[in-house]
file data.cif (mmCIF, C-alpha atoms)
data_structure
loop_
_atom_site.label_atom_id
_atom_site.label_comp_id
_atom_site.auth_asym_id
_atom_site.auth_seq_id
_atom_site.Cartn_x
_atom_site.Cartn_y
_atom_site.Cartn_z
CA MET E 7 50.83 30.42 2.58
CA LYS E 8 50.00 27.28 0.61
CA ALA E 9 50.06 25.31 3.80
CA ILE E 10 47.49 27.60 5.35
CA ILE E 11 45.21 27.34 2.32
CA TYR E 12 45.47 23.56 2.32
CA SER E 13 44.75 23.33 5.98
CA LEU E 14 41.75 25.61 5.45
CA PHE E 15 40.49 23.37 2.65
CA GLY E 16 41.10 20.38 4.82
CA LEU E 17 39.06 21.93 7.58
CA LEU E 18 36.20 22.69 5.20
CA ALA E 19 36.30 19.18 3.77
CA VAL E 20 36.16 17.65 7.22
CA SER E 21 33.21 19.81 8.23
CA ALA E 22 31.37 18.88 5.05
CA ALA E 23 31.97 15.19 5.48
CA PHE E 24 30.93 14.96 9.10
CA ALA E 25 28.54 17.90 9.30
CA ALA E 26 30.11 18.64 12.65
CA ASP E 27 28.55 21.46 14.62
CA ALA E 28 26.19 22.44 11.82
CA CYS E 29 23.02 22.59 13.90
CA TYR E 30 24.93 24.11 16.80
CA GLN E 31 26.31 26.81 14.53
CA ASP E 32 22.81 27.62 13.28
CA VAL E 33 21.60 27.89 16.84
CA SER E 34 24.52 30.12 17.88
CA LEU E 35 23.99 32.37 14.88
CA ASP E 36 20.19 32.65 14.99
CA CYS E 37 19.92 32.95 18.77
CA GLY E 38 22.49 35.69 18.80
CA GLN E 39 20.19 38.12 17.06
CA ALA E 40 16.69 39.09 18.10
CA SER E 41 14.05 37.90 15.63
CA ASN E 42 10.63 36.30 15.80
CA ALA E 43 11.60 33.19 13.86
CA LEU E 44 14.46 30.74 14.09
CA SER E 45 15.18 28.97 10.84
CA LEU E 46 17.94 26.54 11.92
CA PRO E 47 18.10 24.90 8.49
CA ARG E 48 20.73 22.36 9.52
CA CYS E 49 18.88 21.09 12.58
CA ASN E 50 17.33 18.15 10.79
CA ALA E 51 17.47 14.35 10.67
CA ILE E 52 19.69 14.15 7.60
CA TYR E 53 23.08 12.56 8.06
CA GLY E 54 25.43 10.44 6.02
CA GLU E 55 24.59 12.62 2.98
CA TYR E 56 21.18 10.91 2.72
CA GLY E 57 19.39 12.15 -0.38
CA ARG E 58 22.40 14.18 -1.50
CA HIS E 59 24.27 11.50 -3.42
CA GLY E 60 23.04 8.71 -5.61
CA ASN E 61 19.45 7.56 -5.76
CA VAL E 62 18.95 5.69 -2.49
CA ALA E 63 16.49 8.26 -1.11
CA THR E 64 14.30 8.30 -4.21
CA GLU E 65 14.51 4.52 -4.58
CA MET E 66 13.26 4.12 -1.01
CA GLN E 67 10.23 6.28 -1.87
CA ALA E 68 9.66 4.26 -5.04
CA TYR E 69 9.96 1.05 -3.01
CA ALA E 70 7.15 2.24 -0.71
CA ASN E 71 5.02 3.02 -3.77
CA LEU E 72 5.74 -0.38 -5.30
CA HIS E 73 4.52 -2.06 -2.11
CA LEU E 74 1.36 0.05 -2.17
CA GLU E 75 0.58 -0.97 -5.74
CA ARG E 76 1.28 -4.63 -5.10
CA SER E 77 -0.78 -4.54 -1.94
CA TYR E 78 -3.94 -3.55 -3.81
CA GLU E 79 -3.20 -5.94 -6.69
CA TYR E 80 -2.88 -8.86 -4.28
CA LEU E 81 -6.10 -7.71 -2.64
CA LEU E 82 -7.88 -7.99 -5.99
CA SER E 83 -6.42 -11.47 -6.55
CA ALA E 84 -7.71 -12.46 -3.11
CA ALA E 85 -11.13 -11.13 -4.10
CA TYR E 86 -11.13 -12.98 -7.42
CA PHE E 87 -10.37 -16.34 -5.77
CA ASN E 88 -13.19 -15.74 -3.33
CA ASN E 89 -16.00 -15.36 -5.88
CA TYR E 90 -18.54 -18.19 -6.09
CA GLN E 91 -17.16 -19.55 -9.35
CA THR E 92 -13.47 -19.79 -8.49
CA ASN E 93 -14.30 -20.50 -4.81
CA ARG E 94 -10.73 -21.16 -3.70
CA ALA E 95 -10.62 -19.92 -0.12
CA GLY E 96 -7.03 -21.10 0.34
CA PHE E 97 -5.67 -19.21 -2.67
CA SER E 98 -7.68 -16.21 -1.53
CA LYS E 99 -6.10 -16.43 1.91
CA LEU E 100 -2.61 -16.64 0.41
CA PHE E 101 -3.16 -13.45 -1.59
CA LYS E 102 -4.87 -11.68 1.29
CA LYS E 103 -1.77 -12.32 3.37
CA LEU E 104 0.54 -11.04 0.64
CA SER E 105 -1.66 -7.94 0.45
CA ASP E 106 -1.62 -7.34 4.22
CA ASP E 107 2.16 -7.76 4.33
CA ALA E 108 2.74 -5.36 1.43
CA TRP E 109 0.42 -2.79 3.04
CA GLU E 110 2.23 -2.98 6.38
CA LYS E 111 5.57 -2.69 4.62
CA SER E 112 4.53 0.37 2.64
CA ILE E 113 3.57 2.21 5.83
CA ASP E 114 6.82 1.10 7.43
CA LEU E 115 8.81 2.34 4.42
CA ILE E 116 7.02 5.71 4.48
CA LYS E 117 7.93 6.05 8.17
CA HIS E 118 11.50 5.10 7.37
CA VAL E 119 11.74 7.68 4.57
CA THR E 120 10.67 10.39 7.01
CA MET E 121 12.84 8.98 9.78
CA ARG E 122 15.87 9.72 7.61
CA GLY E 123 14.79 13.32 7.22
CA ASP E 124 13.30 12.96 3.76
CA GLU E 125 9.83 13.61 2.38
CA MET E 126 7.61 10.91 0.93
CA ASN E 127 6.76 11.39 -2.73
CA PHE E 128 3.86 9.15 -3.75
CA SER E 129 4.57 9.71 -7.45
CA GLN E 130 8.19 8.59 -7.27
CA ARG E 131 9.05 5.63 -9.52
CA SER E 132 12.20 3.55 -9.59
CA THR E 133 14.84 3.94 -12.28
CA GLN E 134 14.82 0.15 -12.47
CA LYS E 135 12.86 -1.28 -15.36
CA PRO E 136 9.48 -2.36 -14.03
CA VAL E 137 8.10 -5.82 -14.73
CA GLU E 138 5.82 -5.78 -17.79
CA ARG E 139 2.36 -4.64 -16.65
CA LYS E 140 0.59 -4.34 -19.98
CA ASN E 141 -2.74 -6.20 -20.03
CA TYR E 142 -2.31 -6.93 -16.35
CA THR E 143 -5.15 -8.99 -14.96
CA VAL E 144 -5.89 -10.66 -11.64
CA GLU E 145 -8.36 -13.02 -13.30
CA LEU E 146 -5.99 -15.96 -13.61
CA HIS E 147 -6.28 -19.63 -12.82
CA GLU E 148 -4.54 -21.20 -9.83
CA LEU E 149 -1.08 -21.95 -11.23
CA GLU E 150 -0.96 -18.76 -13.30
CA SER E 151 -1.70 -16.64 -10.26
CA LEU E 152 0.99 -18.41 -8.21
CA ALA E 153 3.42 -17.76 -11.07
CA LYS E 154 2.55 -14.06 -11.03
CA ALA E 155 2.88 -13.94 -7.26
CA LEU E 156 6.29 -15.59 -7.45
CA ASP E 157 7.48 -13.18 -10.16
CA SER E 158 6.27 -10.11 -8.28
CA GLN E 159 7.81 -11.28 -5.00
CA LYS E 160 11.11 -11.75 -6.81
CA GLU E 161 10.80 -8.24 -8.19
CA LEU E 162 10.37 -6.88 -4.65
CA ALA E 163 13.34 -8.92 -3.42
CA GLU E 164 15.61 -7.92 -6.30
CA ARG E 165 14.65 -4.28 -5.84
CA ALA E 166 15.79 -4.58 -2.22
CA PHE E 167 19.12 -5.99 -3.47
CA TYR E 168 19.42 -3.06 -5.87
CA ILE E 169 18.81 -0.40 -3.19
CA HIS E 170 21.15 -2.25 -0.85
CA ARG E 171 23.86 -2.15 -3.51
CA GLU E 172 23.27 1.56 -4.18
CA ALA E 173 23.50 2.25 -0.44
CA THR E 174 26.74 0.38 0.13
CA ARG E 175 28.75 0.51 -3.05
CA ASN E 176 32.26 1.59 -2.54
CA SER E 177 32.09 5.35 -2.93
CA GLN E 178 33.57 8.13 -0.87
CA HIS E 179 30.18 9.81 -0.70
CA LEU E 180 27.94 6.88 -0.15
CA HIS E 181 27.92 4.11 2.38
CA ASP E 182 24.61 3.98 4.18
CA SER E 183 24.77 1.01 6.50
CA GLU E 184 21.55 2.06 8.21
CA ILE E 185 19.59 1.52 4.97
CA ALA E 186 21.46 -1.72 4.36
CA GLN E 187 20.66 -2.99 7.84
CA TYR E 188 17.01 -1.95 7.57
CA LEU E 189 16.56 -3.70 4.23
CA GLU E 190 18.28 -6.86 5.43
CA GLU E 191 16.30 -7.14 8.63
CA GLU E 192 12.84 -6.04 7.50
CA PHE E 193 12.77 -7.21 3.89
CA ILE E 194 15.51 -9.43 2.54
CA GLU E 195 15.26 -12.19 5.13
CA ASN E 196 11.51 -12.69 4.84
CA GLN E 197 11.50 -12.28 1.08
CA SER E 198 13.76 -15.29 0.58
CA LYS E 199 11.38 -17.42 2.65
CA LYS E 200 8.32 -16.18 0.82
CA ILE E 201 9.90 -16.84 -2.57
CA ARG E 202 10.93 -20.35 -1.58
CA GLU E 203 7.43 -21.05 -0.31
CA LEU E 204 5.76 -19.89 -3.53
CA ALA E 205 8.27 -21.78 -5.67
CA GLY E 206 7.52 -24.88 -3.61
CA HIS E 207 3.79 -24.45 -4.30
CA THR E 208 4.42 -24.31 -8.06
CA THR E 209 6.51 -27.49 -7.80
CA ASP E 210 3.67 -29.32 -6.07
CA LEU E 211 1.00 -28.09 -8.46
CA LYS E 212 3.20 -28.90 -11.45
CA THR E 213 3.49 -32.54 -10.48
CA PHE E 214 -0.22 -32.86 -9.61
CA ILE E 215 -1.24 -31.43 -12.96
CA THR E 216 0.71 -33.91 -15.08
CA ALA E 217 0.35 -36.94 -12.80
CA ASN E 218 -2.02 -39.72 -13.85
CA ASN E 219 -2.34 -38.26 -17.38
CA GLY E 220 -3.91 -35.10 -16.00
CA GLN E 221 -6.80 -37.04 -14.46
CA ASP E 222 -6.00 -35.79 -10.95
CA LEU E 223 -6.32 -32.13 -11.84
CA SER E 224 -9.68 -31.12 -10.40
CA LEU E 225 -9.17 -33.11 -7.21
CA ALA E 226 -5.58 -31.88 -6.86
CA LEU E 227 -6.60 -28.22 -7.10
CA TYR E 228 -9.37 -28.79 -4.57
CA LEU E 229 -7.05 -30.53 -2.11
CA PHE E 230 -4.27 -28.03 -2.59
CA ASP E 231 -6.70 -25.22 -1.85
CA GLU E 232 -7.79 -27.00 1.34
CA TYR E 233 -4.10 -27.29 2.25
CA LEU E 234 -3.58 -23.56 1.65
CA GLN E 235 -6.56 -22.75 3.85
CA LYS E 236 -4.76 -24.48 6.72
CA THR E 237 -1.22 -23.26 6.08
CA ALA E 238 -1.24 -19.96 4.17
CA MET A 1442 19.06 -22.04 -35.59
CA LYS A 1443 18.86 -20.07 -32.35
CA VAL A 1444 16.76 -17.48 -34.11
CA ILE A 1445 14.27 -20.15 -35.16
CA ILE A 1446 14.05 -21.58 -31.65
CA PHE A 1447 13.44 -18.13 -30.20
CA ALA A 1448 10.84 -17.39 -32.84
CA VAL A 1449 9.04 -20.64 -32.07
CA ALA A 1450 9.25 -19.97 -28.34
CA GLY A 1451 7.89 -16.48 -28.88
CA LEU A 1452 5.05 -17.83 -30.96
CA LEU A 1453 4.25 -20.36 -28.26
CA ALA A 1454 4.30 -17.63 -25.63
CA LEU A 1455 1.84 -15.61 -27.68
CA CYS A 1456 -0.51 -18.56 -28.10
CA ALA A 1457 -0.06 -19.65 -24.49
CA PRO A 1458 -3.61 -18.83 -23.40
CA ALA A 1459 -4.93 -21.17 -26.07
CA PHE A 1460 -2.73 -24.04 -24.90
CA GLY A 1461 -2.96 -23.24 -21.21
CA THR A 1462 -6.04 -25.32 -20.58
CA GLN A 1463 -4.24 -28.37 -19.24
CA CYS A 1464 -3.47 -26.48 -16.02
CA HIS A 1465 -6.95 -25.52 -14.94
CA VAL A 1466 -10.45 -26.89 -14.58
CA ASN A 1467 -12.93 -25.49 -17.07
CA PRO A 1468 -15.54 -23.19 -15.60
CA VAL A 1469 -18.90 -24.79 -14.85
CA ASN A 1470 -22.37 -23.34 -15.10
CA ILE A 1471 -24.41 -22.79 -11.97
CA PRO A 1472 -27.95 -21.42 -11.95
CA LYS A 1473 -27.84 -17.64 -11.70
CA GLU A 1474 -31.27 -16.58 -10.46
CA TRP A 1475 -29.83 -16.06 -6.96
CA ILE A 1476 -27.59 -13.29 -8.27
CA THR A 1477 -29.92 -10.37 -7.86
CA MET A 1478 -27.86 -7.19 -7.61
CA ARG A 1479 -28.80 -4.66 -10.27
CA ARG A 1480 -26.37 -2.75 -12.39
CA PRO A 1481 -26.82 0.82 -11.01
CA CYS A 1482 -26.39 -0.53 -7.49
CA ARG A 1483 -23.37 -2.64 -8.44
CA ASP A 1484 -21.69 0.25 -10.27
CA SER A 1485 -22.17 2.63 -7.37
CA MET A 1486 -20.69 0.00 -5.01
CA ARG A 1487 -17.66 -0.28 -7.30
CA ARG A 1488 -17.22 3.51 -7.25
CA GLN A 1489 -17.51 3.45 -3.47
CA ILE A 1490 -14.71 0.89 -3.22
CA GLN A 1491 -12.45 3.07 -5.36
CA MET A 1492 -13.31 6.06 -3.17
CA GLU A 1493 -12.33 4.19 0.01
CA VAL A 1494 -9.02 3.22 -1.63
CA ALA A 1495 -8.32 6.84 -2.61
CA ALA A 1496 -9.11 7.93 0.96
CA SER A 1497 -6.71 5.31 2.32
CA LEU A 1498 -3.88 6.75 0.21
CA GLN A 1499 -4.74 10.34 1.17
CA TYR A 1500 -4.52 9.33 4.84
CA LEU A 1501 -1.10 7.78 4.24
CA ALA A 1502 0.05 11.12 2.79
CA MET A 1503 -1.15 12.82 5.98
CA GLY A 1504 0.73 10.26 8.05
CA ALA A 1505 3.85 10.89 5.97
CA HIS A 1506 3.53 14.65 6.43
CA PHE A 1507 3.26 14.51 10.22
CA SER A 1508 6.15 12.00 10.39
CA LYS A 1509 8.61 14.48 8.90
CA ASP A 1510 11.45 15.71 11.12
CA SER A 1511 10.44 19.31 10.38
CA ILE A 1512 6.85 18.64 11.54
CA ASN A 1513 7.46 16.02 14.26
CA ARG A 1514 3.92 15.10 15.28
CA PRO A 1515 4.09 11.31 15.72
CA GLY A 1516 0.71 11.21 17.48
CA PHE A 1517 -1.06 12.72 14.50
CA ALA A 1518 0.98 10.54 12.14
CA LYS A 1519 -0.17 7.46 14.06
CA LEU A 1520 -3.79 8.61 13.94
CA PHE A 1521 -3.65 9.14 10.17
CA PHE A 1522 -1.74 5.93 9.36
CA GLU A 1523 -4.38 4.02 11.33
CA SER A 1524 -7.14 5.86 9.49
CA GLY A 1525 -5.51 4.84 6.19
CA SER A 1526 -5.60 1.19 7.23
CA GLU A 1527 -9.24 1.60 8.29
CA GLU A 1528 -10.19 2.93 4.86
CA ARG A 1529 -8.50 -0.09 3.32
CA GLN A 1530 -10.55 -2.30 5.64
CA HIS A 1531 -13.72 -0.56 4.43
CA ALA A 1532 -12.81 -1.30 0.82
CA MET A 1533 -12.22 -4.94 1.80
CA LYS A 1534 -15.59 -5.18 3.57
CA LEU A 1535 -17.42 -3.82 0.53
CA ILE A 1536 -15.56 -6.32 -1.69
CA GLU A 1537 -16.54 -9.15 0.69
CA TYR A 1538 -20.14 -8.06 0.42
CA LEU A 1539 -20.09 -8.09 -3.38
CA LEU A 1540 -18.54 -11.58 -3.32
CA MET A 1541 -21.25 -12.81 -0.95
CA ARG A 1542 -23.88 -11.63 -3.42
CA GLY A 1543 -22.31 -13.52 -6.33
CA GLU A 1544 -20.50 -10.54 -7.84
CA LEU A 1545 -16.89 -10.02 -8.94
CA THR A 1546 -16.71 -13.01 -11.24
CA SER A 1547 -15.40 -10.64 -13.94
CA ASP A 1548 -14.04 -7.08 -14.26
CA VAL A 1549 -12.11 -7.54 -11.02
CA THR A 1550 -8.83 -6.00 -12.22
CA SER A 1551 -10.45 -2.64 -13.03
CA LEU A 1552 -12.05 -2.36 -9.59
CA ILE A 1553 -9.14 -0.46 -8.02
CA GLN A 1554 -6.80 2.12 -9.48
CA ILE A 1555 -3.86 3.50 -7.52
CA ARG A 1556 -3.34 7.22 -7.96
CA PRO A 1557 -0.99 9.39 -5.90
CA PRO A 1558 -2.92 11.34 -3.23
CA GLU A 1559 -3.91 14.85 -4.28
CA ARG A 1560 -2.65 16.77 -1.28
CA LYS A 1561 0.63 16.35 0.57
CA THR A 1562 1.09 19.29 2.97
CA TRP A 1563 -1.03 20.85 5.72
CA GLY A 1564 -0.42 24.11 7.54
CA ASP A 1565 -1.02 22.61 10.97
CA ALA A 1566 -2.75 19.72 12.69
CA VAL A 1567 -6.14 21.47 12.82
CA GLU A 1568 -6.02 21.93 9.07
CA ALA A 1569 -5.34 18.20 8.63
CA LEU A 1570 -8.14 17.22 11.04
CA GLU A 1571 -10.53 19.50 9.18
CA HIS A 1572 -9.41 17.99 5.88
CA ALA A 1573 -9.96 14.51 7.29
CA LEU A 1574 -13.41 15.56 8.45
CA LYS A 1575 -14.21 16.89 4.99
CA MET A 1576 -13.03 13.60 3.46
CA GLU A 1577 -15.21 11.58 5.81
CA SER A 1578 -18.22 13.79 5.01
CA ASP A 1579 -17.61 13.15 1.32
CA VAL A 1580 -17.44 9.38 1.93
CA THR A 1581 -20.67 9.54 3.97
CA LYS A 1582 -22.40 11.49 1.22
CA SER A 1583 -21.20 8.96 -1.32
CA ILE A 1584 -22.49 6.01 0.77
CA ARG A 1585 -25.88 7.74 0.78
CA THR A 1586 -25.84 7.87 -3.02
CA VAL A 1587 -25.04 4.12 -3.09
CA ILE A 1588 -28.01 3.52 -0.77
CA ALA A 1589 -30.23 5.59 -3.04
CA ALA A 1590 -29.06 3.71 -6.14
CA CYS A 1591 -29.71 0.34 -4.45
CA GLU A 1592 -33.18 1.03 -3.10
CA ASP A 1593 -34.58 3.16 -5.91
CA ASP A 1594 -34.39 0.42 -8.52
CA ASN A 1595 -37.94 -0.17 -9.78
CA GLU A 1596 -37.49 -3.91 -10.21
CA PHE A 1597 -35.38 -4.76 -7.21
CA ASN A 1598 -35.14 -2.88 -3.95
CA ASP A 1599 -31.91 -4.20 -2.42
CA TYR A 1600 -33.08 -4.13 1.22
CA HIS A 1601 -30.22 -6.20 2.54
CA LEU A 1602 -27.40 -4.12 1.08
CA VAL A 1603 -29.17 -0.92 2.10
CA ASP A 1604 -29.52 -2.27 5.64
CA TYR A 1605 -25.83 -3.26 5.69
CA LEU A 1606 -24.70 0.16 4.48
CA THR A 1607 -27.06 2.01 6.80
CA GLY A 1608 -26.35 -0.08 9.87
CA GLU A 1609 -22.64 -0.82 9.60
CA PHE A 1610 -21.16 1.82 7.34
CA LEU A 1611 -23.16 4.93 8.16
CA ASP A 1612 -22.89 4.07 11.85
CA GLU A 1613 -19.12 3.97 11.61
CA GLN A 1614 -19.02 7.13 9.48
CA TYR A 1615 -21.09 9.19 11.92
CA LYS A 1616 -19.06 8.01 14.90
CA GLY A 1617 -15.79 8.70 13.06
CA GLN A 1618 -16.93 12.17 12.06
CA ARG A 1619 -17.95 13.02 15.62
CA ASP A 1620 -14.55 11.88 16.84
CA LEU A 1621 -12.64 14.00 14.30
CA ALA A 1622 -14.87 17.02 14.93
CA GLY A 1623 -14.29 16.72 18.69
CA LYS A 1624 -10.52 16.48 18.25
CA ALA A 1625 -10.48 19.47 15.88
CA SER A 1626 -12.54 21.56 18.32
CA THR A 1627 -10.38 20.76 21.35
CA LEU A 1628 -7.20 21.49 19.45
CA LYS A 1629 -8.53 24.66 17.85
CA LYS A 1630 -9.53 26.10 21.22
CA MET A 1631 -5.95 25.71 22.45
CA LEU A 1632 -4.43 27.00 19.23
CA ASP A 1633 -6.05 30.38 19.70
CA ARG A 1634 -3.49 31.38 22.33
CA HIS A 1635 -1.08 28.49 22.60
CA ALA A 1636 -0.51 27.33 19.06
CA SER A 1637 2.78 25.47 19.34
CA LEU A 1638 2.41 24.13 22.89
CA GLY A 1639 -1.21 23.16 22.31
CA GLU A 1640 -0.38 21.09 19.25
CA PHE A 1641 2.61 19.52 21.00
CA ILE A 1642 0.55 18.49 24.04
CA TYR A 1643 -2.33 17.17 21.98
CA ASP A 1644 0.06 15.19 19.79
CA LYS A 1645 1.45 13.43 22.86
CA LYS A 1646 -2.07 12.72 24.05
CA LEU A 1647 -2.74 10.96 20.74
CA LEU A 1648 0.37 8.87 21.39
CA GLY A 1649 -1.02 7.91 24.80
CA ILE A 1650 1.61 9.85 26.74
CA ASP A 1651 0.48 11.92 29.71
CA ILE A 1652 2.64 14.99 30.22
#

call {"tool": "encode", "arguments": {"input": "data.cif", "output": "structure tokens"}}
result
Amino acid sequence: MKAIIYSLFGLLAVSAAFAADACYQDVSLDCGQASNALSLPRCNAIYGEYGRHGNVATEMQAYANLHLERSYEYLLSAAYFNNYQTNRAGFSKLFKKLSDDAWEKSIDLIKHVTMRGDEMNFSQRSTQKPVERKNYTVELHELESLAKALDSQKELAERAFYIHREATRNSQHLHDSEIAQYLEEEFIENQSKKIRELAGHTTDLKTFITANNGQDLSLALYLFDEYLQKTA
Amino acid sequence: MKVIIFAVAGLLALCAPAFGTQCHVNPVNIPKEWITMRRPCRDSMRRQIQMEVAASLQYLAMGAHFSKDSINRPGFAKLFFESGSEERQHAMKLIEYLLMRGELTSDVTSLIQIRPPERKTWGDAVEALEHALKMESDVTKSIRTVIAACEDDNEFNDYHLVDYLTGEFLDEQYKGQRDLAGKASTLKKMLDRHASLGEFIYDKKLLGIDI
């Protein structure tokens, strides 16, 4: 008797874990009786318990929203550096590019959320503590704005690490290698390059600012902006 | 000791703006008589930029809806994602214009606020196309109020901005509206008798697939 019960449980457990035949069963059941609507609730894109365990699904939505926010912030920085007083076309170009990238990535993330059978929630926020945004302003001078860009790019990169960890931590319910692969290929690789590039810019500016008792400053900022116009 | 160091560091961090001057060049004064945009015109342009941003996010929500596995209309999703990027481009063009006229030297941060889109589901594709058409009509109407605000100023009729908005923006709006209205009509005619097949076929047409 016990053996039968155990084997029954075992069977149930297996079917839960691998969702075998779920859609097929729905089809068999619903097509067997005449009705004017088929519901087929288990014929969907969800697999690997996506959205059922942990917070990977909601964090992916929040990640899309974070990119959206950053995209428009970078756009405003690009605008600020392009007014007639600041007049730094190179810095403007750098921020415009960050904005374009973040925008493309948010659309890509939204598509990915729906690809995995989930819905996009534009109000979803991460459980991770956000970077301090009080008194946020885009009206910063050259080095300050690079510093902010570097910090916010690190936030995006570290958030990708966090979601990657949530998706792959050793749990019997949760190992989503598809999310891990997606993050690695589309985000993590480029983020490391972007961060290194921005850090390099701050290194250059730092030395220009202090060199020659600060006498080089105005010329250095001008030249560095010209350099960014060519390379950013 | 540590406490003192942290306190000093904290104090320095608080006063940072005051000490930060060694890293930037002080602003200079340039004659300002060439900056001629008037306040009512400028404010209505700023509102218009925010409106384009809100429209871009609403289009992304439409794209998200039609991308769902339970909806499965990638053609419509593509159309709406592209429309979202277009609205963002409009916001960028208006910003470029303000910069060309000597604006946006201050109050830049408050120009754009990100709010979640108001609506997130649509009964079918016709409903979404009709919603998109309504949104575009609202944007068109709003551009007309910007034009009015910029040409009605007693002291300064802003001919150039009005020409730019009339020529470039209204032109694009009217063409876009005609396009959406045409799509909605074609689809709605099929939906009368062939709701599910009609939407399926039209979706593939939007993807560029002939079936």

call {"tool": "closest_residue", "arguments": {"input": "data.cif", "among": "A:Gly1564, A:Gly1617, A:Gly1608, A:Gly1649", "to": "Met1576 of chain A", "atoms": "all atoms listed in the file"}}
result
A:Gly1617

call {"tool": "closest_residue", "arguments": {"input": "data.cif", "among": "A:Ser1485, A:Lys1630, A:Glu1493, A:Thr1550", "to": "Ala84 of chain E", "atoms": "all atoms listed in the file"}}
result
A:Thr1550

call {"tool": "interface_residues", "arguments": {"input": "data.cif", "of": "chain A", "to": "chain E", "cutoff": "8 Å", "atoms": "all atoms listed in the file", "output": "PyMOL selection string"}}
result
chain A and resi 1463-1466+1468-1469+1501-1502+1505-1506+1508-1511+1522+1536-1537+1540-1541+1543-1547+1549-1550+1552-1553+1555+1557-1558

call {"tool": "residues_near_point", "arguments": {"input": "data.cif", "point": "(-26.3, 7.2, 4.1)", "cutoff": "12 Å", "atoms": "all atoms listed in the file", "output": "ChimeraX atom specification"}}
result
/A:1578-1592,1602-1615

call {"tool": "resolve_selection", "arguments": {"input": "data.cif", "expression": "the PyMOL selection byres ((chain E and resi 57-64) around 7)", "output": "PyMOL selection string"}}
result
chain E and resi 55-56+65-68+130+169+172-173+179-180

call {"tool": "residues_around", "arguments": {"input": "data.cif", "residues": "Leu1632 of chain A", "least_positions_apart": "3", "cutoff": "12 Å", "atoms": "all atoms listed in the file", "output": "MDAnalysis selection string"}}
result
chainID A and resid 1565:1568 1625:1629 1635:1643

call {"tool": "atom_distance", "arguments": {"input": "data.cif", "atom1": "atom CA of Arg94 of chain E", "atom2": "atom CA of Gln235 of chain E"}}
result
8.8 Å

call {"tool": "resolve_selection", "arguments": {"input": "data.cif", "expression": "the PyMOL selection byres ((chain A and resi 1476) around 10)", "output": "PDB file with C-alpha atoms, keeping the file's coordinate frame"}}
result
ATOM      1  CA  PRO A1472     -27.950 -21.420 -11.950  1.00  0.00           C
ATOM      2  CA  LYS A1473     -27.840 -17.640 -11.700  1.00  0.00           C
ATOM      3  CA  GLU A1474     -31.270 -16.580 -10.460  1.00  0.00           C
ATOM      4  CA  TRP A1475     -29.830 -16.060  -6.960  1.00  0.00           C
ATOM      5  CA  THR A1477     -29.920 -10.370  -7.860  1.00  0.00           C
ATOM      6  CA  MET A1478     -27.860  -7.190  -7.610  1.00  0.00           C
ATOM      7  CA  ARG A1479     -28.800  -4.660 -10.270  1.00  0.00           C
ATOM      8  CA  MET A1541     -21.250 -12.810  -0.950  1.00  0.00           C
ATOM      9  CA  ARG A1542     -23.880 -11.630  -3.420  1.00  0.00           C
ATOM     10  CA  GLY A1543     -22.310 -13.520  -6.330  1.00  0.00           C
ATOM     11  CA  GLU A1544     -20.500 -10.540  -7.840  1.00  0.00           C
TER      12      GLU A1544
END

call {"tool": "atom_distance", "arguments": {"input": "data.cif", "atom1": "atom CA of Ala1622 of chain A", "atom2": "atom CA of Leu1570 of chain A"}}
result
7.8 Å

call {"tool": "residues_near_point", "arguments": {"input": "data.cif", "point": "(-3.8, -19.7, -4.4)", "cutoff": "7 Å", "atoms": "all atoms listed in the file", "output": "PyMOL selection string"}}
result
chain E and resi 96-98+100-101+148+151-152+231

call {"tool": "write_last_selection", "arguments": {"input": "data.cif", "atoms": "C-alpha atoms", "output": "PDB file, in the coordinates of the input"}}
result
ATOM      1  CA  GLY E  96      -7.030 -21.100   0.340  1.00  0.00           C
ATOM      2  CA  PHE E  97      -5.670 -19.210  -2.670  1.00  0.00           C
ATOM      3  CA  SER E  98      -7.680 -16.210  -1.530  1.00  0.00           C
ATOM      4  CA  LEU E 100      -2.610 -16.640   0.410  1.00  0.00           C
ATOM      5  CA  PHE E 101      -3.160 -13.450  -1.590  1.00  0.00           C
ATOM      6  CA  GLU E 148      -4.540 -21.200  -9.830  1.00  0.00           C
ATOM      7  CA  SER E 151      -1.700 -16.640 -10.260  1.00  0.00           C
ATOM      8  CA  LEU E 152       0.990 -18.410  -8.210  1.00  0.00           C
ATOM      9  CA  ASP E 231      -6.700 -25.220  -1.850  1.00  0.00           C
TER      10      ASP E 231
END

call {"tool": "atom_distance", "arguments": {"input": "data.cif", "atom1": "atom CA of Gln221 of chain E", "atom2": "atom CA of Tyr233 of chain E"}}
result
19.5 Å

call {"tool": "closest_residue", "arguments": {"input": "data.cif", "among": "E:Ala217, E:Lys160, E:Glu232, E:Arg165", "to": "Glu203 of chain E", "atoms": "all atoms listed in the file"}}
result
E:Lys160

call {"tool": "closest_residue", "arguments": {"input": "data.cif", "among": "E:Ala238, E:Ile194, E:Ala205, E:Ile185", "to": "Asp157 of chain E", "atoms": "only C-alpha atoms"}}
result
E:Ala205

call {"tool": "resolve_selection", "arguments": {"input": "data.cif", "expression": "the PyMOL selection byres ((chain A and resi 1524) around 12)", "output": "NGL selection string"}}
result
(:E and (113)) or (:A and (1493-1494 or 1496-1504 or 1517-1523 or 1525-1531 or 1570 or 1573-1574 or 1576-1577 or 1614 or 1617-1618 or 1621))
